[in-house]
Amino acid sequence: MTRQTTITETNSDPGFGVYIHWPFCAQKCPYCDFNSHVRFGGWDEPRYLAAYKRELDHVAALIATSANSRTVSSIFFGGGTPSLMKPETVGAILDHIAALWPVDPSAEITLEANPGSVEAARFAGYHAAGVNRVSIGVQSLRDADLKRLGRIHSVSEAKAAVEIARKTFDRFSFDLIYARPDQTLADWRTELAEALAMAGGHLSLYQLTIEPETRFADLYAKGKLIIPAAEAAHDLYELTQELTSKAGFAQYEISNHARPGEESRHNLVYWRYGEYAGIGPGAHGRIGTENAHLATSTERNPERWLDQVESSGHGIADTEHLKAEHRADEMLLMGLRLAEGVDLERLADIGGVTPRRAVIDNLVRQGLIERMPAPAEDLDDAFDEIRACIGPGLAPTAIKPPLPLGRIRATASGRFILNQVVLELSAAFEPIAAQASHTMDNLSRAH
Amino acid sequence: MTDISLIRNFSIIAHIDHGKSTLSDRLIQICGNVSNREMKEQILDSMDIERERGITIKAQTVRLDYKHSDGKIYQLNLMDTPGHVDFAYEVSRSLAACEGAILVVDASQGVEAQTLANVYQALDNDLEILPVLNKVDLPSADEDRVKQQIEDVIGIDASEAIGVSAKTGLNVEAVLGAIVERLPPPKGDPDKPLKAMLVDSWYDAYLGVVVLVRIIDGTLKRGQKVQMMATGGHYQVERIGIFRPKQEMLTELGPGEVGFFTAAIKEVADTRVGDTVTDEKNPTPEPLPGFKPAQPVVFCGLFPVDAADFEDLRDAMGRLRLNDASFSFETETSAALGFGFRCGFLGLLHLEIITERLEREFNLDLITTAPSVIYHLHMTDGSMVELHNPADMPDTVRIDHIEEPWIEATILVPDEYLGAVLKLCQDRRGRQKQLTYVGTRAMLIYELPLNEVVFDFYDRLKSVSRGYASFDYHIKGYEENELVKLSILVNDEPVDALSMIVHRTRAESRGRAMCEKLKELIRPHLFKIPIQAAIGGKVIARETISALRKDVIAKCYGGDITRKRKLLDKQKAGKKKMREFGKVEIPQEAFIAALKMDEN
């Protein structure tokens, strides 16, 4: 719990992240719905580098209109398979970012890597270019399952890549996919124990999900792919929490586990609803300008993105002006994924809304969310204190007591049905002024 | 005023898709009433729904001027009548306003049940029937077989039936000749007091209520003061006219003629189909026989999905009623669905048309509850109570016995599907009255309780016969039966809008099917939900929806929050459409879909 407090303290500033999307993969994985493309003829890497730089320039100019001063707290190369990039390309992009914004000396610079031997051989080059963390797509420690997941690496290659990462970088993480077809609790217990034994400070453990328009979705629809049902998936999830926490890897996000201080700072920017620039084909950004909060997304097709950047300076295909209510939804959606939960005061600041008290109470009663810190035993006691401070002469309606909103977070069981929890809360949003008047009602009644 | 011997009034009887509208269009075209440019397919069916479904809801007339081979110009009045059993009364009045009818039969498909019912009505009204075989140009046409069938089934001489193709116009002119030669002219006396039959009426935004009449005796003149004999209203005639199909104003209508008048009438409800219009000062001594006020037979609840639309729904229904007095509504409150209306309809098609128009023309999202019939509750104190809504069922100890309406249904079905149709009728508590053959098709006469028919009988009939069965019915009367109220409890709370009245022997299977269906339709919640079916306090079926175990996006990074937010928006919109009941969200489909269950 002490570590929990540490994260919360830093939460007042979620930071500013830069996301670079590299869209190419050696092969398309049957479960993956990310923006990835296979190009057997290769690609013109210097041309792409120039385009990344131009798009960075464009976003830098766009956000320079806002009054915020920004220091880059994290950079993330995701994909696709960014470990297909030449280390020089990565280095040149990092240099370009540093020329546009100040970069925190302790900034986290992560690159997603495939555990193939070719990629691992480039780890040293990435490190020299400035990358200080890799996230390796191990996915499974069973060769048969790697094959079923359509992966082209072997378990021994993955283990070798992890060892190279351990020697090369201060920090590294790897991903595993569980709740796979035919996976038993006993199988997963052994496999996860092996994974924990070879882990660094961070592990991402995802349940296999069937995403629309993937090969797996097709197989699943035809009944040729069977994944564990909700009940079994729930048991696997619980086992995962049990084993990881015993090993000192706290579940700080639904599918992410870290030793204290080893959380992915970049992903925390998303989950804490901070500001981030999304660069490259199919990348998403949330940025503030002079008078608007923007959601940006770029052209997904790599070649079209490239053409567009070259002709108009950026590949942004869609810019949405986020209204306060959109931002409230997004902040809730992301924030409840975290063990630290959501600061309702900040939600009220950003979105102008707060969930109806009765709905929160109901979810608390069902053991799906909890208040942090726990509220005063009796709300009236809290108001009595306020009144005591102000003095008896003042009518309650003349004062605006501070709203006792606090934080909420999903419990372990709430997190596993988070979509419903978020839906209940979001559907119960009411303007913050209405909340205040309820409070005043309570106050007058108590009086 | 036209010489009465030169007038012919006729209607066209046909099954859906047998070509009634196409033939009407051709007749209008040949008589030169519409230029080709104006010719829109199926001129007479002017409403979108009518055109889409190929059915006629309102009676309409067209006056044609036809120059016959004898050199004289005849006034032909074509009355387009509603062709569905729901509007049987309206059809009977339209037919009563004619001396003849063209019976259109598809030359490959033969006679259908719906045609039969209308032909019998025409024969009851002493109409001369002129058989026409349509679509004779199709390779599958078999004129001789269909002629034989008309003689066997309907019992009229079909030897001189005219073979036509309304689509290509082939031989349609011969139909016009036959109308003049074979249909009798109307009878009527211009010197007698005015006596006119009210055939139909509708609301026109420019003219107000437009009344369609057939003059029997006397003359209807502009400025005349008239009286409606059944409703007692007095009006001064403002305009008189005819349709060609465009409006054309006249100064008077004489005996045998068909046309419309307006008279500053405010509501369609003041003009009842079948009423007698007469002169105020010099009335006819006897009104026309056969007048009946419109009687709704099927009832259901209509509720706005969004409670805020209640007033809009009331306005919309008020506006529809302006034009359709046979549809009735009154405010209803349901614990499950909030404020809405209990509505009465002439039949299931009428119900569907009204709800479709409300949704389409007024852009309302509606929840429709299960259709119900009128039960007669005979109370222990000797009184009789009409029950329109199962939710209003009084305490059973006060009820001596319950009666329900029964229908007599005529079903025509190809032999190969007979078994399935017989089983369906038996499953619905049917009693077979007759089974005969018409060629290779079986003609079944069944008595069925109407409450077994209103749910989904027609859908089921279509599905078990692959769409080949045709069906028609009329109300036979009330019969006592052992009926009980089946209540549905969701999370231990009774859901009034899901309660229904069923026969005791069917209560258990129905209750079980209902619970199973609701289990499919209600999504898992954060807690366990029991679903029960009960008669009185006794639970007869039970299902449980387990609590939701997993609903989370496993991998959520890369910054694409937009997609997730849009998904959340959609879920929120869906949640708004749910009815929260005992903390359980019940989707609106449940209220109607739960009743459309397969027999098992």
# chains A, B, ... in the order shown; residues from 1 in each chain; ligands from 1

call {"tool": "interface_residues", "arguments": {"of": "chain B", "to": "chain A", "cutoff": "7 Å", "atoms": "only C-alpha atoms", "output": "list in words"}}
result
Arg549, Lys550, Asp551, Val552, Ala554, Lys555, Tyr557, Gly559, Asp560, Ile561, Arg565, Leu568 and Lys572 of chain B

call {"tool": "residues_around", "arguments": {"residues": "Ala534 in chain B", "least_positions_apart": "6", "cutoff": "9 Å", "atoms": "only C-alpha atoms", "output": "list in words"}}
result
Lys485, Leu486, Ser487, Ile488, Leu489, Ala507, Glu508, Gly511, Ile540, Ala541 and Arg542 of chain B

call {"tool": "write_last_selection", "arguments": {"atoms": "all heavy atoms", "output": "PDB file, in the first residue's frame"}}
result
ATOM      1  N   LYS B 485     -54.150 -16.230 -15.475  1.00  0.00           N
ATOM      2  CA  LYS B 485     -53.173 -15.163 -15.707  1.00  0.00           C
ATOM      3  C   LYS B 485     -51.789 -15.681 -15.336  1.00  0.00           C
ATOM      4  O   LYS B 485     -51.567 -16.132 -14.214  1.00  0.00           O
ATOM      5  CB  LYS B 485     -53.516 -13.943 -14.871  1.00  0.00           C
ATOM      6  CG  LYS B 485     -52.491 -12.828 -15.018  1.00  0.00           C
ATOM      7  CD  LYS B 485     -52.882 -11.606 -14.215  1.00  0.00           C
ATOM      8  CE  LYS B 485     -51.703 -10.659 -14.069  1.00  0.00           C
ATOM      9  NZ  LYS B 485     -52.046  -9.539 -13.197  1.00  0.00           N
ATOM     10  N   LEU B 486     -50.884 -15.611 -16.300  1.00  0.00           N
ATOM     11  CA  LEU B 486     -49.507 -16.025 -16.077  1.00  0.00           C
ATOM     12  C   LEU B 486     -48.679 -14.766 -15.805  1.00  0.00           C
ATOM     13  O   LEU B 486     -48.644 -13.861 -16.627  1.00  0.00           O
ATOM     14  CB  LEU B 486     -48.998 -16.730 -17.336  1.00  0.00           C
ATOM     15  CG  LEU B 486     -47.605 -17.334 -17.304  1.00  0.00           C
ATOM     16  CD1 LEU B 486     -47.540 -18.501 -16.334  1.00  0.00           C
ATOM     17  CD2 LEU B 486     -47.218 -17.822 -18.698  1.00  0.00           C
ATOM     18  N   SER B 487     -48.075 -14.733 -14.613  1.00  0.00           N
ATOM     19  CA  SER B 487     -47.250 -13.567 -14.280  1.00  0.00           C
ATOM     20  C   SER B 487     -45.784 -13.920 -14.436  1.00  0.00           C
ATOM     21  O   SER B 487     -45.396 -15.059 -14.199  1.00  0.00           O
ATOM     22  CB  SER B 487     -47.463 -13.123 -12.837  1.00  0.00           C
ATOM     23  OG  SER B 487     -48.818 -13.002 -12.569  1.00  0.00           O
ATOM     24  N   ILE B 488     -44.993 -12.946 -14.822  1.00  0.00           N
ATOM     25  CA  ILE B 488     -43.551 -13.159 -14.958  1.00  0.00           C
ATOM     26  C   ILE B 488     -42.850 -12.290 -13.924  1.00  0.00           C
ATOM     27  O   ILE B 488     -43.128 -11.088 -13.814  1.00  0.00           O
ATOM     28  CB  ILE B 488     -43.072 -12.788 -16.374  1.00  0.00           C
ATOM     29  CG1 ILE B 488     -43.810 -13.621 -17.432  1.00  0.00           C
ATOM     30  CG2 ILE B 488     -41.565 -12.947 -16.498  1.00  0.00           C
ATOM     31  CD1 ILE B 488     -43.538 -15.108 -17.387  1.00  0.00           C
ATOM     32  N   LEU B 489     -41.961 -12.913 -13.148  1.00  0.00           N
ATOM     33  CA  LEU B 489     -41.216 -12.174 -12.138  1.00  0.00           C
ATOM     34  C   LEU B 489     -39.746 -12.142 -12.515  1.00  0.00           C
ATOM     35  O   LEU B 489     -39.160 -13.184 -12.808  1.00  0.00           O
ATOM     36  CB  LEU B 489     -41.368 -12.819 -10.764  1.00  0.00           C
ATOM     37  CG  LEU B 489     -42.775 -12.776 -10.141  1.00  0.00           C
ATOM     38  CD1 LEU B 489     -43.600 -13.967 -10.581  1.00  0.00           C
ATOM     39  CD2 LEU B 489     -42.673 -12.719  -8.642  1.00  0.00           C
ATOM     40  N   ALA B 507     -50.252 -23.249 -19.708  1.00  0.00           N
ATOM     41  CA  ALA B 507     -49.554 -22.278 -18.852  1.00  0.00           C
ATOM     42  C   ALA B 507     -48.116 -22.714 -18.566  1.00  0.00           C
ATOM     43  O   ALA B 507     -47.187 -21.908 -18.650  1.00  0.00           O
ATOM     44  CB  ALA B 507     -50.319 -22.078 -17.560  1.00  0.00           C
ATOM     45  N   GLU B 508     -47.933 -24.010 -18.273  1.00  0.00           N
ATOM     46  CA  GLU B 508     -46.611 -24.430 -17.859  1.00  0.00           C
ATOM     47  C   GLU B 508     -45.600 -24.343 -18.998  1.00  0.00           C
ATOM     48  O   GLU B 508     -44.507 -23.804 -18.833  1.00  0.00           O
ATOM     49  CB  GLU B 508     -46.665 -25.853 -17.294  1.00  0.00           C
ATOM     50  CG  GLU B 508     -45.451 -26.131 -16.433  1.00  0.00           C
ATOM     51  CD  GLU B 508     -45.417 -27.559 -15.942  1.00  0.00           C
ATOM     52  OE1 GLU B 508     -46.479 -28.066 -15.537  1.00  0.00           O
ATOM     53  OE2 GLU B 508     -44.317 -28.152 -15.975  1.00  0.00           O
ATOM     54  N   GLY B 511     -44.978 -20.723 -19.774  1.00  0.00           N
ATOM     55  CA  GLY B 511     -44.173 -20.107 -18.719  1.00  0.00           C
ATOM     56  C   GLY B 511     -42.710 -20.511 -18.850  1.00  0.00           C
ATOM     57  O   GLY B 511     -41.807 -19.685 -18.720  1.00  0.00           O
ATOM     58  N   ILE B 540     -44.383 -21.757 -11.525  1.00  0.00           N
ATOM     59  CA  ILE B 540     -44.476 -22.960 -12.360  1.00  0.00           C
ATOM     60  C   ILE B 540     -43.253 -23.147 -13.248  1.00  0.00           C
ATOM     61  O   ILE B 540     -43.077 -24.192 -13.845  1.00  0.00           O
ATOM     62  CB  ILE B 540     -45.754 -22.946 -13.221  1.00  0.00           C
ATOM     63  CG1 ILE B 540     -45.814 -21.666 -14.064  1.00  0.00           C
ATOM     64  CG2 ILE B 540     -46.999 -23.071 -12.362  1.00  0.00           C
ATOM     65  CD1 ILE B 540     -46.819 -21.749 -15.181  1.00  0.00           C
ATOM     66  N   ALA B 541     -42.401 -22.133 -13.358  1.00  0.00           N
ATOM     67  CA  ALA B 541     -41.177 -22.288 -14.149  1.00  0.00           C
ATOM     68  C   ALA B 541     -40.149 -21.292 -13.626  1.00  0.00           C
ATOM     69  O   ALA B 541     -40.506 -20.245 -13.090  1.00  0.00           O
ATOM     70  CB  ALA B 541     -41.460 -22.021 -15.621  1.00  0.00           C
ATOM     71  N   ARG B 542     -38.874 -21.654 -13.775  1.00  0.00           N
ATOM     72  CA  ARG B 542     -37.837 -20.809 -13.215  1.00  0.00           C
ATOM     73  C   ARG B 542     -36.543 -20.937 -14.015  1.00  0.00           C
ATOM     74  O   ARG B 542     -36.196 -22.017 -14.477  1.00  0.00           O
ATOM     75  CB  ARG B 542     -37.601 -21.251 -11.764  1.00  0.00           C
ATOM     76  CG  ARG B 542     -36.462 -20.553 -11.040  1.00  0.00           C
ATOM     77  CD  ARG B 542     -36.090 -21.338  -9.783  1.00  0.00           C
ATOM     78  NE  ARG B 542     -37.235 -21.565  -8.909  1.00  0.00           N
ATOM     79  CZ  ARG B 542     -37.604 -20.734  -7.936  1.00  0.00           C
ATOM     80  NH1 ARG B 542     -36.935 -19.641  -7.722  1.00  0.00           N
ATOM     81  NH2 ARG B 542     -38.635 -21.019  -7.178  1.00  0.00           N
TER      82      ARG B 542
END

call {"tool": "select_by_dssp", "arguments": {"residues": "range 18-263 of chain A", "states": "strand (DSSP E or B)", "output": "NGL selection string"}}
result
:A and (18-22 or 24 or 37 or 72-79 or 103-113 or 133-139 or 171-178 or 202-207 or 250-253 or 256-258)

call {"tool": "select_by_dssp", "arguments": {"residues": "range 142-186 of chain A", "states": "helix (DSSP H, G or I)", "output": "list in words"}}
result
Asp143, Ala144, Asp145, Leu146, Lys147, Arg148, Val155, Ser156, Glu157, Ala158, Lys159, Ala160, Ala161, Val162, Glu163, Ile164, Ala165, Arg166, Lys167, Thr168, Leu185 and Ala186 of chain A

call {"tool": "write_last_selection", "arguments": {"atoms": "C-alpha atoms", "output": "PDB file, in the first residue's frame"}}
result
ATOM      1  CA  ASP A 143       6.581 -23.813 -28.272  1.00  0.00           C
ATOM      2  CA  ALA A 144       3.294 -25.484 -29.228  1.00  0.00           C
ATOM      3  CA  ASP A 145       1.347 -22.438 -28.074  1.00  0.00           C
ATOM      4  CA  LEU A 146       3.672 -20.012 -29.850  1.00  0.00           C
ATOM      5  CA  LYS A 147       2.878 -21.907 -33.015  1.00  0.00           C
ATOM      6  CA  ARG A 148      -0.871 -21.750 -32.373  1.00  0.00           C
ATOM      7  CA  VAL A 155      10.834 -20.349 -26.588  1.00  0.00           C
ATOM      8  CA  SER A 156      14.620 -20.652 -26.568  1.00  0.00           C
ATOM      9  CA  GLU A 157      14.955 -17.575 -28.768  1.00  0.00           C
ATOM     10  CA  ALA A 158      12.612 -15.692 -26.447  1.00  0.00           C
ATOM     11  CA  LYS A 159      14.626 -16.665 -23.391  1.00  0.00           C
ATOM     12  CA  ALA A 160      17.846 -15.621 -25.125  1.00  0.00           C
ATOM     13  CA  ALA A 161      16.304 -12.257 -26.076  1.00  0.00           C
ATOM     14  CA  VAL A 162      15.249 -11.699 -22.457  1.00  0.00           C
ATOM     15  CA  GLU A 163      18.810 -12.400 -21.278  1.00  0.00           C
ATOM     16  CA  ILE A 164      20.247  -9.951 -23.832  1.00  0.00           C
ATOM     17  CA  ALA A 165      17.716  -7.343 -22.704  1.00  0.00           C
ATOM     18  CA  ARG A 166      18.652  -7.896 -19.048  1.00  0.00           C
ATOM     19  CA  LYS A 167      22.319  -7.273 -19.865  1.00  0.00           C
ATOM     20  CA  THR A 168      21.688  -4.346 -22.195  1.00  0.00           C
ATOM     21  CA  LEU A 185      -4.910 -23.717 -14.310  1.00  0.00           C
ATOM     22  CA  ALA A 186      -2.031 -26.144 -13.628  1.00  0.00           C
TER      23      ALA A 186
END

call {"tool": "closest_residue", "arguments": {"among": "B:Ala96, B:Cys515, B:Val464, B:Val111", "to": "Pro289 in chain B", "atoms": "only C-alpha atoms"}}
result
B:Ala96

call {"tool": "residues_around", "arguments": {"residues": "Ala14 in chain B", "least_positions_apart": "6", "cutoff": "6 Å", "atoms": "only C-alpha atoms", "output": "ChimeraX atom specification"}}
result
/B:20,104,115

call {"tool": "atom_distance", "arguments": {"atom1": "CA of Ile402 in chain B", "atom2": "CA of Gly537 in chain B"}}
result
19.6 Å

call {"tool": "residues_around", "arguments": {"residues": "range 273-278 of chain B", "least_positions_apart": "4", "cutoff": "8 Å", "atoms": "only C-alpha atoms", "output": "JSON, numbers by chain"}}
result
{"B": [90, 93, 193, 194, 195, 196, 197, 198, 199, 200, 201, 226, 227, 228, 229, 230, 231, 282, 283, 284, 287, 288, 290, 291, 292, 293]}

call {"tool": "atom_distance", "arguments": {"atom1": "CA of Ser264 in chain A", "atom2": "CA of Ser135 in chain A"}}
result
9.8 Å
